[in-house]
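**Student:** Submitted below is the structure of interest, expressed as structure tokens.
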Amino acid sequence: MDYDLGIINVLRRLIGYFQTEPLQVAFELLVIAFVVTMILRFLRGTRGARVVKGLALVLVVGTVGIQLLAGEDSLSRLRLLYDSFLTLASVMLVVVFAPELRRAFMRLGEASFFTQGGVRRARVVEEIVAAIQYLSRNKIGALVAIERQVGLRGIVEVGTRLDAELSASLLNTIFWPGSALHDLGVVIQGDRVIAAGVQFPLSEREDLPRELGSRHRAAIGLSEEADALILVVSEETGTISVAERGVLRRNLTIDDLRPELNHAFGQLTLSESERSTTTTDTPLAGKG
Ligand SMILES: Nc1ncnc2c1ncn2[C@@H]1O[C@H](COP(=O)(O)OP(=O)(O)OP(=O)(O)O)[C@@H](O)[C@H]1O
């Protein structure tokens, strides 16, 4: 078996493509780079991203290996087997990652809606800040996910739909112990509380501090799957934490929280009318 010949063959073919149609090849490479970047961006922060990266590595190594080994029509059966493996692997991937794919397709449909929707950022930020401050002072456990580009409809489906205008008193009422909806989490979409009593996916990480219970684990879990900003108030200690992209930052103050929220809501585009009625970074009059 001549491995050198295999490598030379592949290189020769690549150079040949460049020599005959340089512009077309450059364009194709650009398109591939663009598509790969978009897919990685799309999957960023999700569990699927890690799987796709691992899979991509296996495929690249496998494909290059097969090209080299079976370059000269020798071992063509190996290539045949590899092709069948690829087909089988694609089908298995679709089955195994059906929930992730479903979420990904939902994101496709929802992204444009959220960038157009707009929010009254300053008012919303101050309402959330006031609620978290109240809940923290009174040691009332709370879990709040603020949706960004990645739609959270998948998890909202199993909660109680509210679609109510966001206010501090609404959040305080929801999490008040004894209220029918105080358990589990709340999902905020722009300036609306869209659902309460929502079960978030629990993180499966084993390296989390032992003192973190299921509320904090659920915050990290959701942040691993979506780009939402997730706020947690501990019932035990009243401490405020924020989970984002799989990382939990603990013991935040209210002053730490405000810029986090401004940043999260700033990633949504305000509509023209809202821009003229909202002072973007200053609290509305009368709010703490
Ligand atoms: N998957 C989940 N999604 C959303 N909320 C959850 C989930 N699992 C548990 N919770 C919430 O967490 C509460 C239990 O919190 P637990 O004491 O286990 O967590 P913790 O991280 O130690 O929080 P705390 O500091 O508030 O005690 C439940 O009553 C429920 O409201």
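Ordered as shown in the structure tokens, chains take letters A, B, and onward, while each chain numbers its residues from 1 and ligands are numbered from 1 in the order shown.
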When the cut-off is 8 Å and you count only C-alpha atoms and all ligand atoms, which residues lie near ligand 1, shown as a ChimeraX atom specification?
**Tutor:** /A:140-143,182-185,197-202,211-219,232-239
**Student:** If DSSP is run on the backbone, what residues of stretch 129-214 of chain A are strand (DSSP E or B)? A reply as a PyMOL selection string would be ideal.
**Tutor:** chain A and resi 142-146+160-165+185-189+192-198
**Student:** For A:Asn251, please output as an MDAnalysis selection string all residues within 7 Å (counting only C-alpha atoms; exclusion window: fewer than 2 positions along the same chain).
**Tutor:** chainID A and resid 239:241 253
**Student:** Write the selection just made, keeping C-alpha atoms, as a PDB file, in the first residue's frame?
**Tutor:**
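Output saved as part_7.pdb:
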ATOM      1  CA  THR A 239     -28.198  35.409  47.284  1.00  0.00           C
ATOM      2  CA  ILE A 240     -28.560  36.421  43.666  1.00  0.00           C
ATOM      3  CA  SER A 241     -26.855  34.468  40.900  1.00  0.00           C
ATOM      4  CA  THR A 253     -25.412  42.612  44.160  1.00  0.00           C
TER       5      THR A 253
END
**Student:** Rank A:Ser167, A:Asn172, A:Ser203, A:Ser223 by their smallest atom-to-atom distance to A:Ile188, using only C-alpha atoms, and report the top residue only.
**Tutor:**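 Under the stated criterion, the closest residue is A:Ser167.
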**Student:** Based on the backbone DSSP call, show me all residues of stretch 96-211 of chain A assigned alpha helix (DSSP H), as a VMD selection string.
**Tutor:** chain A and resid 96 98 to 117 121 to 137 153 to 156 168 to 175
**Student:** If you measure from atom CA of A:Asp83 to atom CA of A:Ala33, what distance in Å do you get, rounded to one decimal?
**Tutor:**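 Straight-line distance from atom CA of A:Asp83 to atom CA of A:Ala33 works out to 23.6 Å.
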**Student:** Compile the contact shell of A:Tyr134 as a PyMOL selection string: residues with an atom at most 10 Å away, counting only C-alpha atoms, same-chain residues fewer than 4 positions apart removed.
**Tutor:** chain A and resi 128-130+138-140+168-169+171-172+238
**Student:** Show me, as a short mmCIF file (atom, residue, chain, number, x, y, z; two decimals) with N, CA, C and O atoms, in the first residue's frame, the residues that have an atom within 9 Å of A:Thr160 when counting only C-alpha atoms, minus same-chain residues fewer than 3 positions from it.
**Tutor:**
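In the end it all went to result_29.cif:
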data_model
loop_
_atom_site.label_atom_id
_atom_site.label_comp_id
_atom_site.auth_asym_id
_atom_site.auth_seq_id
_atom_site.Cartn_x
_atom_site.Cartn_y
_atom_site.Cartn_z
N VAL A 156 -41.45 26.29 27.43
CA VAL A 156 -42.65 27.00 27.88
C VAL A 156 -43.90 26.13 27.70
O VAL A 156 -44.84 26.21 28.49
N GLU A 157 -43.85 25.28 26.68
CA GLU A 157 -45.00 24.42 26.37
C GLU A 157 -45.50 23.64 27.58
O GLU A 157 -46.69 23.39 27.72
N LEU A 181 -48.21 29.16 41.38
CA LEU A 181 -47.18 29.11 40.34
C LEU A 181 -45.77 29.34 40.88
O LEU A 181 -44.84 29.54 40.11
N ILE A 194 -44.09 35.41 29.81
CA ILE A 194 -44.91 34.52 28.95
C ILE A 194 -45.36 33.26 29.67
O ILE A 194 -46.37 32.69 29.31
N ALA A 195 -44.60 32.82 30.67
CA ALA A 195 -45.04 31.59 31.36
C ALA A 195 -44.43 31.50 32.74
O ALA A 195 -43.37 32.08 33.02
N ALA A 196 -45.11 30.76 33.61
CA ALA A 196 -44.58 30.47 34.95
C ALA A 196 -44.75 28.97 35.18
O ALA A 196 -45.41 28.28 34.40
N GLY A 197 -44.15 28.49 36.25
CA GLY A 197 -44.22 27.05 36.53
C GLY A 197 -43.55 26.25 35.42
O GLY A 197 -44.01 25.17 35.05
N VAL A 198 -42.45 26.81 34.90
CA VAL A 198 -41.78 26.16 33.77
C VAL A 198 -40.60 25.32 34.28
O VAL A 198 -39.78 25.82 35.06
#
